>>> print(open('model-v3.cif').read())   # mmCIF, C-alpha atoms and all ligand atoms
data_target
#
loop_
_atom_site.label_atom_id
_atom_site.label_comp_id
_atom_site.auth_asym_id
_atom_site.auth_seq_id
_atom_site.Cartn_x
_atom_site.Cartn_y
_atom_site.Cartn_z
CA MET A 1 0.00 0.00 0.00
CA LYS A 2 2.80 2.33 0.84
CA ARG A 3 3.93 1.98 -2.69
CA LEU A 4 0.49 2.54 -4.10
CA ILE A 5 -0.17 5.74 -2.24
CA SER A 6 3.30 7.08 -2.76
CA TRP A 7 3.06 6.37 -6.45
CA VAL A 8 -0.23 8.09 -6.68
CA ASN A 9 1.21 11.13 -4.99
CA THR A 10 4.42 11.12 -6.98
CA LEU A 11 2.65 10.86 -10.28
CA LEU A 12 0.06 13.34 -9.20
CA ILE A 13 2.70 15.93 -8.47
CA LEU A 14 4.64 15.18 -11.58
CA LEU A 15 1.84 15.23 -14.06
CA PHE A 16 -0.80 17.53 -12.76
CA VAL A 17 -1.40 20.39 -10.47
CA GLN A 18 -4.06 19.54 -7.98
CA ILE A 19 -5.38 21.79 -5.27
CA THR A 20 -6.45 19.85 -2.23
CA VAL A 21 -8.61 20.98 0.58
CA THR A 22 -8.79 19.88 4.16
CA SER A 23 -11.26 17.21 5.01
CA CYS A 24 -14.76 18.04 6.03
CA ASN A 25 -17.13 15.74 7.78
CA ASP A 26 -20.36 14.32 6.49
CA ASN A 27 -23.65 16.08 6.44
CA ILE A 28 -27.04 14.81 7.38
CA PRO A 29 -29.43 15.75 4.60
CA ASN A 30 -31.96 18.40 5.59
CA MET A 31 -29.86 19.86 8.36
CA PRO A 32 -31.06 23.32 9.42
CA SER A 33 -28.57 25.55 7.66
CA VAL A 34 -29.24 23.84 4.35
CA THR A 35 -32.97 24.21 4.88
CA ASP A 36 -32.56 27.86 5.87
CA GLY A 37 -31.21 28.55 2.44
CA TYR A 38 -34.52 27.62 0.84
CA LEU A 39 -36.20 30.63 2.38
CA ASP A 40 -34.33 33.11 0.24
CA PHE A 41 -33.99 30.89 -2.76
CA GLU A 42 -35.07 32.38 -6.05
CA TYR A 43 -34.52 31.04 -9.51
CA THR A 44 -35.01 32.50 -12.97
CA GLU A 45 -35.10 30.33 -16.06
CA SER A 46 -32.50 30.39 -18.85
CA ASP A 47 -31.55 27.68 -21.32
CA ASP A 48 -27.85 28.60 -21.41
CA GLU A 49 -25.61 25.72 -20.30
CA PRO A 50 -21.94 24.69 -20.35
CA ILE A 51 -20.88 22.97 -23.55
CA LEU A 52 -20.57 19.23 -23.04
CA TYR A 53 -18.00 17.86 -25.44
CA ASN A 54 -14.91 19.48 -23.97
CA THR A 55 -12.45 17.73 -21.68
CA LEU A 56 -13.62 17.42 -18.09
CA ASN A 57 -11.37 18.58 -15.30
CA GLY A 58 -11.02 16.29 -12.35
CA GLY A 59 -10.22 18.46 -9.36
CA SER A 60 -12.79 19.15 -6.71
CA GLU A 61 -14.52 21.71 -8.82
CA VAL A 62 -18.11 22.77 -8.97
CA LYS A 63 -19.64 20.70 -11.77
CA TYR A 64 -22.91 20.70 -13.65
CA PHE A 65 -25.02 17.91 -15.00
CA ASP A 66 -28.68 17.79 -16.00
CA GLY A 67 -30.06 20.62 -13.90
CA CYS A 68 -27.83 20.00 -10.87
CA ILE A 69 -24.61 21.47 -9.50
CA TYR A 70 -22.26 18.92 -7.93
CA PHE A 71 -19.51 19.56 -5.44
CA PHE A 72 -17.27 17.41 -3.30
CA ASN A 73 -16.85 18.83 0.20
CA GLY A 74 -13.37 17.90 1.10
CA ASN A 75 -10.39 15.85 0.27
CA SER A 76 -9.53 12.21 0.14
CA ASN A 77 -6.14 10.67 0.53
CA GLY A 78 -7.29 7.17 1.28
CA ARG A 79 -7.76 7.98 4.92
CA GLN A 80 -10.26 6.04 6.90
CA GLU A 81 -11.46 8.99 8.94
CA ASN A 82 -12.47 10.89 5.88
CA HIS A 83 -16.18 11.66 5.78
CA SER A 84 -16.19 13.76 2.65
CA THR A 85 -18.86 13.08 0.12
CA LEU A 86 -20.43 14.32 -3.06
CA TYR A 87 -23.26 16.86 -2.83
CA ARG A 88 -25.84 17.92 -5.35
CA LEU A 89 -27.77 21.17 -5.61
CA ASN A 90 -30.93 21.17 -7.67
CA THR A 91 -30.51 24.50 -9.48
CA LYS A 92 -34.24 25.05 -9.86
CA THR A 93 -35.37 24.26 -6.30
CA GLY A 94 -32.25 25.02 -4.26
CA ASN A 95 -32.55 21.61 -2.59
CA VAL A 96 -29.17 20.29 -1.43
CA THR A 97 -28.70 16.54 -0.93
CA THR A 98 -25.89 14.06 -0.84
CA VAL A 99 -25.55 11.96 -3.98
CA CYS A 100 -25.30 8.91 -1.74
CA PRO A 101 -28.95 7.81 -1.69
CA ASP A 102 -29.01 6.51 1.90
CA PRO A 103 -30.35 9.27 4.20
CA LEU A 104 -28.82 7.58 7.25
CA CYS A 105 -25.40 7.01 5.73
CA LYS A 106 -22.50 8.88 7.28
CA HIS A 107 -20.30 8.02 4.26
CA ASN A 108 -17.53 6.86 6.54
CA THR A 109 -17.49 3.11 5.94
CA PRO A 110 -16.83 1.13 2.76
CA ASP A 111 -20.57 0.36 2.58
CA CYS A 112 -21.04 3.86 1.21
CA PRO A 113 -20.49 3.98 -2.56
CA PHE A 114 -18.63 7.26 -2.11
CA TYR A 115 -16.42 6.14 0.74
CA ALA A 116 -12.80 7.22 0.18
CA MET A 117 -13.81 8.78 -3.11
CA ASP A 118 -11.07 10.89 -4.54
CA SER A 119 -11.88 14.56 -4.96
CA SER A 120 -11.32 14.10 -8.70
CA TYR A 121 -14.54 12.97 -10.33
CA TYR A 122 -16.22 13.24 -13.70
CA ILE A 123 -19.87 13.24 -14.68
CA TYR A 124 -20.79 11.88 -18.09
CA LYS A 125 -24.14 10.63 -19.31
CA ASN A 126 -25.84 10.21 -15.95
CA LYS A 127 -22.87 8.50 -14.30
CA VAL A 128 -20.28 9.80 -11.86
CA TYR A 129 -16.81 8.30 -12.46
CA TYR A 130 -14.24 8.32 -9.69
CA THR A 131 -11.39 6.52 -7.98
CA ARG A 132 -11.56 5.21 -4.42
CA THR A 133 -8.47 4.41 -2.35
CA TYR A 134 -8.26 3.51 1.28
CA PHE A 135 -6.26 1.65 3.86
CA LEU A 136 -7.64 -1.63 5.09
CA ASP A 137 -5.89 -1.82 8.42
CA ILE A 138 -8.50 -0.31 10.69
CA ASP A 139 -11.59 -2.43 10.25
CA VAL A 140 -10.24 -5.33 8.26
CA LYS A 141 -7.64 -7.84 9.33
CA GLU A 142 -5.51 -7.67 6.22
CA THR A 143 -3.09 -4.81 6.04
CA GLY A 144 -2.45 -2.88 2.90
CA GLY A 145 -4.76 -0.84 0.80
CA TYR A 146 -7.60 -1.00 -1.60
CA GLY A 147 -8.30 1.03 -4.67
CA ASP A 148 -10.66 0.93 -7.59
CA PHE A 149 -12.15 2.97 -10.39
CA VAL A 150 -15.93 2.95 -10.39
CA SER A 151 -19.03 4.62 -11.75
CA PHE A 152 -22.17 5.47 -9.84
CA ASP A 153 -25.36 5.62 -11.87
CA LEU A 154 -27.38 8.69 -10.92
CA GLY A 155 -30.54 7.03 -12.19
CA ASP A 156 -30.59 3.63 -10.49
CA SER A 157 -27.83 4.20 -7.87
CA LYS A 158 -25.88 1.18 -9.14
CA LEU A 159 -22.15 1.06 -8.56
CA LYS A 160 -19.98 -0.45 -11.27
CA ARG A 161 -16.33 -1.32 -10.76
CA TYR A 162 -14.02 -1.21 -13.79
CA VAL A 163 -10.61 -1.76 -12.27
CA ALA A 164 -9.55 -2.89 -8.81
CA TYR A 165 -6.05 -2.11 -7.62
CA ASP A 166 -4.38 -4.21 -4.98
CA ASP A 167 -0.76 -3.69 -4.10
CA SER A 168 0.20 -2.99 -7.66
CA ILE A 169 0.98 0.33 -9.20
CA HIS A 170 -2.05 2.51 -9.34
CA ASP A 171 -2.54 3.37 -12.97
CA THR A 172 -5.28 5.91 -12.61
CA LEU A 173 -4.25 9.51 -12.31
CA PHE A 174 -6.08 12.66 -11.53
CA GLY A 175 -6.38 15.50 -13.92
CA SER A 176 -8.38 16.06 -17.04
CA GLU A 177 -10.26 13.22 -18.71
CA LEU A 178 -12.29 12.97 -21.86
CA PHE A 179 -15.46 10.88 -22.14
CA VAL A 180 -17.13 10.04 -25.42
CA ASP A 181 -19.48 7.22 -26.40
CA LYS A 182 -18.19 4.13 -24.56
CA TYR A 183 -14.69 5.52 -24.02
CA ARG A 184 -12.79 7.28 -21.30
CA PHE A 185 -9.47 8.89 -22.32
CA PHE A 186 -7.09 9.49 -19.44
CA TYR A 187 -3.44 10.06 -18.60
CA SER A 188 -1.31 7.60 -16.75
CA ALA A 189 2.28 6.39 -16.68
CA ILE A 190 4.20 3.23 -17.34
CA VAL A 191 6.59 2.73 -14.47
CA ASP A 192 9.90 0.90 -14.60
CA THR A 193 10.83 0.37 -10.96
CA GLU A 194 14.23 -1.18 -11.80
CA ALA A 195 15.36 1.77 -13.87
CA LYS A 196 13.47 4.25 -11.66
CA LYS A 197 11.87 5.71 -14.72
CA ALA A 198 8.30 6.39 -15.78
CA SER A 199 6.75 7.28 -19.12
CA PRO A 200 3.59 9.35 -19.32
CA THR A 201 0.83 7.77 -21.41
CA ILE A 202 -2.49 8.57 -22.99
CA ASN A 203 -4.87 5.69 -22.38
CA ARG A 204 -8.36 4.73 -23.45
CA MET A 205 -10.67 2.68 -21.27
CA ASN A 206 -13.60 0.83 -22.73
CA LEU A 207 -16.38 1.56 -20.23
CA GLU A 208 -18.31 -1.52 -21.27
CA ASP A 209 -15.67 -4.02 -20.13
CA GLY A 210 -13.02 -1.95 -18.32
CA SER A 211 -10.26 -2.87 -20.77
CA VAL A 212 -7.52 -0.29 -21.28
CA ASP A 213 -5.41 0.46 -24.34
CA VAL A 214 -2.28 2.60 -24.19
CA LEU A 215 -2.60 4.90 -27.19
CA LYS A 216 0.57 6.91 -26.82
CA GLU A 217 3.66 6.76 -24.67
CA GLY A 218 5.77 9.85 -23.98
CA ASN A 219 9.46 10.12 -23.19
CA PRO A 220 10.56 8.43 -19.97
CA PHE A 221 11.60 10.62 -17.07
CA ASP A 222 13.47 9.94 -13.84
CA ILE A 223 11.06 9.25 -11.05
CA GLY A 224 11.27 12.01 -8.51
CA SER A 225 12.69 14.53 -10.94
CA SER A 226 10.76 17.41 -12.30
CA HIS A 227 9.92 17.04 -15.95
CA SER A 228 7.52 18.32 -18.53
CA ILE A 229 4.11 16.71 -18.71
CA MET A 230 2.85 14.57 -21.53
CA GLY A 231 3.61 16.43 -24.75
CA ASP A 232 0.18 15.78 -26.23
CA LYS A 233 -3.01 16.71 -24.45
CA PHE A 234 -6.55 15.85 -25.42
CA LEU A 235 -8.93 18.80 -25.66
CA PHE A 236 -12.38 17.80 -26.80
CA THR A 237 -14.24 15.36 -28.98
CA ILE A 238 -16.77 16.01 -31.69
CA ASN A 239 -17.95 14.14 -34.79
CA LYS A 240 -16.12 10.93 -33.76
CA ARG A 241 -12.77 12.77 -33.69
CA VAL A 242 -10.59 13.55 -30.70
CA TYR A 243 -8.74 16.88 -30.75
CA PHE A 244 -5.28 17.23 -29.26
CA THR A 245 -2.63 19.86 -28.84
CA ASP A 246 1.11 19.53 -28.60
CA GLU A 247 1.33 23.19 -27.49
CA THR A 248 2.12 24.57 -30.93
CA LYS A 249 -0.41 22.66 -33.04
CA ILE A 250 -3.98 21.49 -32.75
CA TYR A 251 -4.75 18.23 -34.52
CA SER A 252 -7.46 15.61 -34.53
CA THR A 253 -7.40 11.83 -34.69
CA ASP A 254 -9.87 8.98 -34.59
CA TYR A 255 -10.57 7.21 -31.29
CA ASP A 256 -7.45 5.04 -31.80
CA MET A 257 -5.26 8.16 -32.19
CA ASN A 258 -4.80 7.25 -35.86
CA ASN A 259 -5.61 9.18 -39.04
CA ARG A 260 -4.16 12.41 -37.76
CA GLN A 261 -5.22 15.69 -39.35
CA ASP A 262 -3.47 18.93 -38.45
CA ILE A 263 -5.94 21.75 -37.91
CA LEU A 264 -3.91 24.75 -36.76
CA SER A 265 -0.24 25.39 -36.21
CA GLY A 266 2.25 28.09 -35.29
CA MET A 267 0.46 29.04 -32.11
CA VAL A 268 1.94 29.57 -28.69
CA ILE A 269 -0.87 28.30 -26.58
CA SER A 270 -0.77 29.30 -22.98
CA SER A 271 -4.15 28.33 -21.65
CA LYS A 272 -6.97 25.93 -22.15
CA ILE A 273 -8.49 25.25 -25.54
CA LEU A 274 -12.23 24.77 -25.97
CA THR A 275 -14.72 24.47 -28.77
CA ASP A 276 -18.34 25.43 -29.24
CA GLY A 277 -18.66 22.99 -32.13
CA GLU A 278 -18.02 25.62 -34.77
CA TYR A 279 -14.88 27.40 -33.59
CA ILE A 280 -11.86 26.56 -31.49
CA TYR A 281 -11.03 29.09 -28.74
CA TRP A 282 -7.70 29.54 -27.01
CA GLY A 283 -5.54 32.07 -25.23
CA GLU A 284 -2.08 33.30 -26.19
CA SER A 285 0.15 34.98 -23.68
CA ASP A 286 0.69 38.74 -24.00
CA ASP A 287 3.39 38.82 -21.39
CA PRO A 288 5.42 35.76 -20.44
CA ASP A 289 5.95 37.23 -16.97
CA ASN A 290 2.24 37.63 -16.27
CA VAL A 291 0.12 34.52 -16.79
CA ASN A 292 -3.05 36.57 -16.28
CA LEU A 293 -2.52 38.52 -19.48
CA GLN A 294 -3.68 36.57 -22.49
CA THR A 295 -5.51 37.41 -25.67
CA LEU A 296 -8.32 35.08 -26.68
CA TYR A 297 -8.43 33.89 -30.26
CA ARG A 298 -10.72 31.70 -32.26
CA ALA A 299 -10.49 29.85 -35.55
CA LYS A 300 -12.80 27.55 -37.47
CA LEU A 301 -12.95 24.01 -36.13
CA ASP A 302 -12.13 22.61 -39.59
CA GLY A 303 -8.96 24.70 -39.80
CA SER A 304 -10.18 26.86 -42.66
CA GLY A 305 -9.78 30.63 -42.48
CA GLU A 306 -7.69 32.81 -40.23
CA LYS A 307 -7.28 32.92 -36.51
CA ASN A 308 -8.90 36.02 -35.08
CA PRO A 309 -8.57 37.80 -31.74
CA ILE A 310 -12.01 38.32 -30.25
CA GLY A 311 -11.23 41.39 -28.17
CA ILE A 312 -11.05 39.64 -24.81
CA LYS A 313 -8.02 39.59 -22.55
CA THR A 314 -8.09 37.02 -19.78
CA ALA A 315 -6.50 33.80 -18.63
CA ASN A 316 -9.62 32.69 -16.83
CA TRP A 317 -12.61 31.99 -19.04
CA GLN A 318 -15.41 29.56 -19.72
CA LEU A 319 -17.62 28.76 -22.63
CA THR A 320 -21.36 28.25 -22.44
CA GLU A 321 -23.67 27.74 -25.38
CA LYS A 322 -24.38 31.48 -25.55
CA TYR A 323 -21.47 33.26 -23.87
CA ILE A 324 -17.82 33.45 -23.06
CA TYR A 325 -17.69 34.18 -19.34
CA TYR A 326 -14.40 35.50 -18.05
CA LEU A 327 -12.63 37.26 -15.21
CA ASN A 328 -11.26 40.69 -16.03
CA PRO A 329 -7.55 40.48 -15.13
CA LYS A 330 -7.39 44.06 -13.89
CA GLU A 331 -5.50 44.31 -10.59
CA THR A 332 -7.03 46.04 -7.61
CA ILE A 333 -5.35 46.91 -4.31
CA ILE A 334 -7.91 46.26 -1.59
CA GLY A 335 -5.86 47.10 1.47
CA LYS A 336 -2.75 46.47 3.52
CA ASN A 337 -1.73 42.89 4.03
CA GLY A 338 -2.17 41.63 7.57
CA LEU A 339 -2.50 37.96 6.63
CA GLU A 340 0.05 35.76 8.30
CA GLN A 341 0.56 33.38 5.41
CA ARG A 342 0.66 35.91 2.62
CA PRO A 343 3.74 37.80 1.43
CA GLY A 344 3.71 41.43 0.35
CA ASP A 345 2.71 44.76 1.89
CA GLU A 346 -0.58 45.08 0.09
CA ILE A 347 -3.33 42.72 -0.90
CA ILE A 348 -3.69 42.86 -4.65
CA LEU A 349 -6.52 40.92 -6.26
CA SER A 350 -5.75 40.09 -9.86
CA ASN A 351 -9.29 39.71 -11.19
CA ASN A 352 -11.75 42.48 -10.44
CA GLU A 353 -14.97 41.51 -12.19
CA ILE A 354 -16.92 38.81 -14.01
CA ARG A 355 -17.70 39.73 -17.58
CA ARG A 356 -19.33 37.98 -20.49
CA ALA A 357 -19.54 38.40 -24.25
CA ALA A 358 -21.02 36.62 -27.22
CA HIS A 359 -18.80 33.96 -28.82
CA ASP A 360 -17.52 36.46 -31.40
CA GLY A 361 -16.56 38.89 -28.60
CA SER A 362 -19.42 41.31 -29.23
CA SER A 363 -21.89 42.53 -26.58
CA ASN A 364 -19.16 42.50 -23.98
CA GLU A 365 -20.58 43.41 -20.57
CA ALA A 366 -19.70 43.35 -16.88
CA VAL A 367 -22.03 41.12 -14.89
CA PHE A 368 -20.61 41.20 -11.37
CA SER A 369 -17.97 43.25 -9.60
CA LEU A 370 -15.68 41.20 -7.39
CA ILE A 371 -14.56 44.40 -5.67
CA GLN A 372 -17.37 45.82 -3.60
CA ASP A 373 -17.68 48.45 -0.87
CA ASP A 374 -17.88 46.03 2.01
CA ILE A 375 -16.53 42.78 0.61
CA ASN A 376 -14.02 41.57 -2.01
CA PHE A 377 -14.30 38.23 -3.73
CA GLU A 378 -11.78 35.91 -5.29
CA LEU A 379 -13.29 33.09 -7.33
CA TYR A 380 -11.97 29.72 -8.24
CA ARG A 381 -13.49 26.62 -9.81
CA TYR A 382 -16.53 28.50 -11.02
CA ILE A 383 -19.09 27.27 -13.49
CA CYS A 384 -21.71 29.27 -15.41
CA VAL A 385 -25.16 27.78 -15.87
CA GLY A 386 -28.20 29.74 -17.00
CA ASN A 387 -28.40 33.07 -15.21
CA TYR A 388 -25.99 31.99 -12.49
CA VAL A 389 -22.31 31.60 -11.72
CA TYR A 390 -21.62 28.91 -9.11
CA THR A 391 -18.25 29.10 -7.46
CA ALA A 392 -15.96 28.32 -4.59
CA TYR A 393 -14.47 31.57 -3.34
CA GLN A 394 -12.49 33.60 -0.84
CA THR A 395 -13.51 36.89 0.68
CA TYR A 396 -11.57 39.79 2.15
CA THR A 397 -13.59 42.11 4.36
CA ASP A 398 -12.09 45.01 6.24
CA SER A 399 -14.68 44.77 9.03
CA ASN A 400 -12.96 47.17 11.42
CA ASN A 401 -12.12 49.67 8.66
CA ASP A 402 -8.48 49.96 9.61
CA GLY A 403 -7.26 49.58 6.05
CA THR A 404 -5.63 46.21 6.76
CA ILE A 405 -7.02 42.76 6.04
CA ASP A 406 -6.05 40.35 8.81
CA ASP A 407 -6.74 36.64 9.20
CA SER A 408 -10.07 37.20 10.93
CA GLU A 409 -11.23 39.20 7.91
CA PHE A 410 -10.30 36.53 5.40
CA TYR A 411 -12.66 33.65 4.58
CA GLN A 412 -12.14 30.59 2.38
CA SER A 413 -15.34 28.87 1.38
CA ILE A 414 -14.07 25.33 0.97
CA TYR A 415 -11.25 25.09 3.47
CA GLY A 416 -11.66 24.24 7.08
CA GLU A 417 -14.85 22.68 8.32
CA ALA A 418 -17.52 24.48 6.38
CA TYR A 419 -18.07 24.23 2.67
CA THR A 420 -19.95 26.96 0.89
CA VAL A 421 -20.67 27.53 -2.76
CA LEU A 422 -21.57 31.04 -3.86
CA ARG A 423 -24.26 31.53 -6.49
CA ILE A 424 -24.21 34.85 -8.31
CA ASP A 425 -27.22 35.93 -10.32
CA VAL A 426 -25.67 37.57 -13.39
CA THR A 427 -28.89 39.42 -14.23
CA THR A 428 -29.37 41.07 -10.81
CA GLY A 429 -26.00 40.72 -9.06
CA ASN A 430 -27.73 39.01 -6.12
CA THR A 431 -25.74 36.43 -4.21
CA TYR A 432 -26.90 33.24 -2.56
CA TYR A 433 -24.85 30.88 -0.43
CA ILE A 434 -25.17 27.12 -0.61
CA HIS A 435 -23.92 25.51 2.58
CA CYS A 436 -22.93 21.99 3.26
CA GLY A 437 -21.05 21.20 6.38
CA THR A 438 -20.76 18.96 9.34
CA GLU A 439 -23.01 18.22 12.27
CA GLU A 440 -20.61 20.19 14.45
CA ASN A 441 -20.39 23.31 12.37
CA MET A 442 -24.01 23.65 11.36
CA GLY A 443 -24.73 25.75 14.43
CA GLY A 444 -23.83 29.22 13.29
CA GLU A 445 -20.40 29.38 11.78
CA ASN A 446 -21.98 29.22 8.39
CA GLU A 447 -23.90 32.37 9.16
CA GLN A 448 -20.81 34.50 8.64
CA GLN A 449 -21.86 34.81 5.04
CA LYS A 450 -25.21 36.46 4.76
CA ASN A 451 -27.34 36.23 1.67
ZN ZN B 501 -23.04 7.35 1.96
#
>>> encode(input="model-v3.cif", output="structure tokens", more="lines below")
Ligand SMILES: [Zn+2]
Amino acid sequence: MKRLISWVNTLLILLFVQITVTSCNDNIPNMPSVTDGYLDFEYTESDDEPILYNTLNGGSEVKYFDGCIYFFNGNSNGRQENHSTLYRLNTKTGNVTTVCPDPLCKHNTPDCPFYAMDSSYYIYKNKVYYTRTYFLDIDVKETGGYGDFVSFDLGDSKLKRYVAYDDSIHDTLFGSELFVDKYRFFYSAIVDTEAKKASPTINRMNLEDGSVDVLKEGNPFDIGSSHSIMGDKFLFTINKRVYFTDETKIYSTDYDMNNRQDILSGMVISSKILTDGEYIYWGESDDPDNVNLQTLYRAKLDGSGEKNPIGIKTANWQLTEKYIYYLNPKETIIGKNGLEQRPGDEIILSNNEIRRAAHDGSSNEAVFSLIQDDINFELYRYICVGNYVYTAYQTYTDSNNDGTIDDSEFYQSIYGEAYTVLRIDVTTGNTYYIHCGTEENMGGENEQQKN
């Protein structure tokens, strides 16, 4: 087991950047603070949704599927005491429930389908896909660990296991994955323990039988050394083709990674690449010293025509069917820095508002200011659905008006014991807080954020 966990961590660090959060205990559905939220809940209809055929990110992000927002309230490292679980908000009713269907379950034994679930998960066609890893040595006589890759059907609550890991090398990694038809594309590594080398791979799992094919193997690297990630990355899939980038080109292949066609070349791509089915969108860096400054471009999906800037500068953007949502990278000084863990004399927030525009860049408008008179927001892991932005966040509030933000005036929504998702109405600017927490912290701590 030692080897399994350490490999997971080693490969995780080498191949992907993953933000982890501290663990958070389970929630009993219908606890008071969740119910309290219903009182102020309002919802306005819009048919705008995230576009589905792009690569899914695995981290513990706010995700959307079929009318519901999903979020994982914590962190899993295979630890028995972990009570984290997956939550679901019905966007229309505001009802928050655990995805685990058992109302009495505390999600802290292997009987729970989400027990020891990793915070990386993916939702595709009514199923949640995730890895579970845990140590056996507390409740079971054998020592060692257990791991598997499973899906949970949101319709009939059936759990399906594709791969079980025993003491062998864990070949599932966190990060982005691509689901299409019966396939799951994911990154992994082939490890040579003798030579202390590993090679990054692109793999394809058949979700009908769990079989895995290695489609591409990258250059081996020394285990423990820093190295560049897999040279080729999958981006999205459309019309039975998978699109990849090798950082300077975008190309497509069939599901076997054969029959390559180059679409675009000569780009210096510095951010994610998405499609709306007609165009490909990407960012190019304006200033190599400032990752926040990028110009967004688009070009036809079939490679015909020119690449065109669309008049948006950001490194932080999302695509819905109707809009490009993005954070304006303008820097704002909000006060003197009194935070223990933060360097610098001043607190400078690098994104000062949420904006949106049509896909061609027209009708560009501000929809929410992150810098407000009494509170300043920093967003991460946000998702835009209909008239709302759902996001994990941090706030800085100079409550005593002394010009300095100290630790008591700083709040992180998904660290510590509470877990709160902010919903911003982009038509009115109204905010609404979705709480999920523990039995212990339901009593009032969550009230620090008022609606
Ligand atoms: Zn459960």
>>> closest_residue(input="model-v3.cif", among="A:Thr93, A:Asn126, A:Phe152, A:Glu45", to="ligand ZN 501 (chain B)", atoms="only C-alpha atoms and all ligand atoms")
A:Phe152
>>> atom_distance(input="model-v3.cif", atom1="CA of Tyr146 (chain A)", atom2="CA of Arg161 (chain A)")
12.7 Å
>>> closest_residue(input="model-v3.cif", among="A:Glu177, A:Asp374, A:Asp398, A:Asp118", to="Ile347 (chain A)", atoms="all atoms listed in the file")
A:Asp398
>>> closest_residue(input="model-v3.cif", among="A:Phe114, A:Tyr388, A:Tyr279, A:Phe221", to="ligand ZN 501 (chain B)", atoms="all atoms listed in the file")
A:Phe114
>>> atom_distance(input="model-v3.cif", atom1="CA of Lys182 (chain A)", atom2="CA of Ser119 (chain A)")
23.1 Å
>>> residues_around(input="model-v3.cif", residues="region 63-66 of chain A", least_positions_apart="3", cutoff="10 Å", atoms="all atoms listed in the file", output="JSON list (two decimals) with C-alpha atoms, in the coordinates of the input")
[["chain", "number", "residue", "atom", "x", "y", "z"],
["A", 49, "GLU", "CA", -25.61, 25.72, -20.30],
["A", 50, "PRO", "CA", -21.94, 24.69, -20.35],
["A", 52, "LEU", "CA", -20.57, 19.23, -23.04],
["A", 56, "LEU", "CA", -13.62, 17.42, -18.09],
["A", 57, "ASN", "CA", -11.37, 18.58, -15.30],
["A", 58, "GLY", "CA", -11.02, 16.29, -12.35],
["A", 59, "GLY", "CA", -10.22, 18.46, -9.36],
["A", 60, "SER", "CA", -12.79, 19.15, -6.71],
["A", 69, "ILE", "CA", -24.61, 21.47, -9.50],
["A", 70, "TYR", "CA", -22.26, 18.92, -7.93],
["A", 71, "PHE", "CA", -19.51, 19.56, -5.44],
["A", 72, "PHE", "CA", -17.27, 17.41, -3.30],
["A", 88, "ARG", "CA", -25.84, 17.92, -5.35],
["A", 89, "LEU", "CA", -27.77, 21.17, -5.61],
["A", 90, "ASN", "CA", -30.93, 21.17, -7.67],
["A", 91, "THR", "CA", -30.51, 24.50, -9.48],
["A", 121, "TYR", "CA", -14.54, 12.97, -10.33],
["A", 122, "TYR", "CA", -16.22, 13.24, -13.70],
["A", 123, "ILE", "CA", -19.87, 13.24, -14.68],
["A", 124, "TYR", "CA", -20.79, 11.88, -18.09],
["A", 125, "LYS", "CA", -24.14, 10.63, -19.31],
["A", 126, "ASN", "CA", -25.84, 10.21, -15.95],
["A", 127, "LYS", "CA", -22.87, 8.50, -14.30],
["A", 128, "VAL", "CA", -20.28, 9.80, -11.86],
["A", 381, "ARG", "CA", -13.49, 26.62, -9.81],
["A", 382, "TYR", "CA", -16.53, 28.50, -11.02],
["A", 383, "ILE", "CA", -19.09, 27.27, -13.49],
["A", 384, "CYS", "CA", -21.71, 29.27, -15.41],
["A", 385, "VAL", "CA", -25.16, 27.78, -15.87],
["A", 390, "TYR", "CA", -21.62, 28.91, -9.11],
["A", 391, "THR", "CA", -18.25, 29.10, -7.46]]
>>> residues_near_ligand(input="model-v3.cif", ligand="ligand ZN 501 (chain B)", cutoff="9 Å", atoms="all atoms listed in the file", output="PDB file with C-alpha atoms, in the frame of the given file")
ATOM      1  CA  ASP A  26     -20.360  14.320   6.490  1.00  0.00           C
ATOM      2  CA  HIS A  83     -16.180  11.660   5.780  1.00  0.00           C
ATOM      3  CA  THR A  85     -18.860  13.080   0.120  1.00  0.00           C
ATOM      4  CA  LEU A  86     -20.430  14.320  -3.060  1.00  0.00           C
ATOM      5  CA  THR A  98     -25.890  14.060  -0.840  1.00  0.00           C
ATOM      6  CA  VAL A  99     -25.550  11.960  -3.980  1.00  0.00           C
ATOM      7  CA  CYS A 100     -25.300   8.910  -1.740  1.00  0.00           C
ATOM      8  CA  PRO A 101     -28.950   7.810  -1.690  1.00  0.00           C
ATOM      9  CA  ASP A 102     -29.010   6.510   1.900  1.00  0.00           C
ATOM     10  CA  PRO A 103     -30.350   9.270   4.200  1.00  0.00           C
ATOM     11  CA  LEU A 104     -28.820   7.580   7.250  1.00  0.00           C
ATOM     12  CA  CYS A 105     -25.400   7.010   5.730  1.00  0.00           C
ATOM     13  CA  LYS A 106     -22.500   8.880   7.280  1.00  0.00           C
ATOM     14  CA  HIS A 107     -20.300   8.020   4.260  1.00  0.00           C
ATOM     15  CA  ASN A 108     -17.530   6.860   6.540  1.00  0.00           C
ATOM     16  CA  THR A 109     -17.490   3.110   5.940  1.00  0.00           C
ATOM     17  CA  PRO A 110     -16.830   1.130   2.760  1.00  0.00           C
ATOM     18  CA  ASP A 111     -20.570   0.360   2.580  1.00  0.00           C
ATOM     19  CA  CYS A 112     -21.040   3.860   1.210  1.00  0.00           C
ATOM     20  CA  PRO A 113     -20.490   3.980  -2.560  1.00  0.00           C
ATOM     21  CA  PHE A 114     -18.630   7.260  -2.110  1.00  0.00           C
ATOM     22  CA  TYR A 115     -16.420   6.140   0.740  1.00  0.00           C
TER      23      TYR A 115
END
>>> residues_around(input="model-v3.cif", residues="Val191 (chain A)", least_positions_apart="6", cutoff="9 Å", atoms="all atoms listed in the file", output="ChimeraX atom specification")
/A:169,197-200,220,223
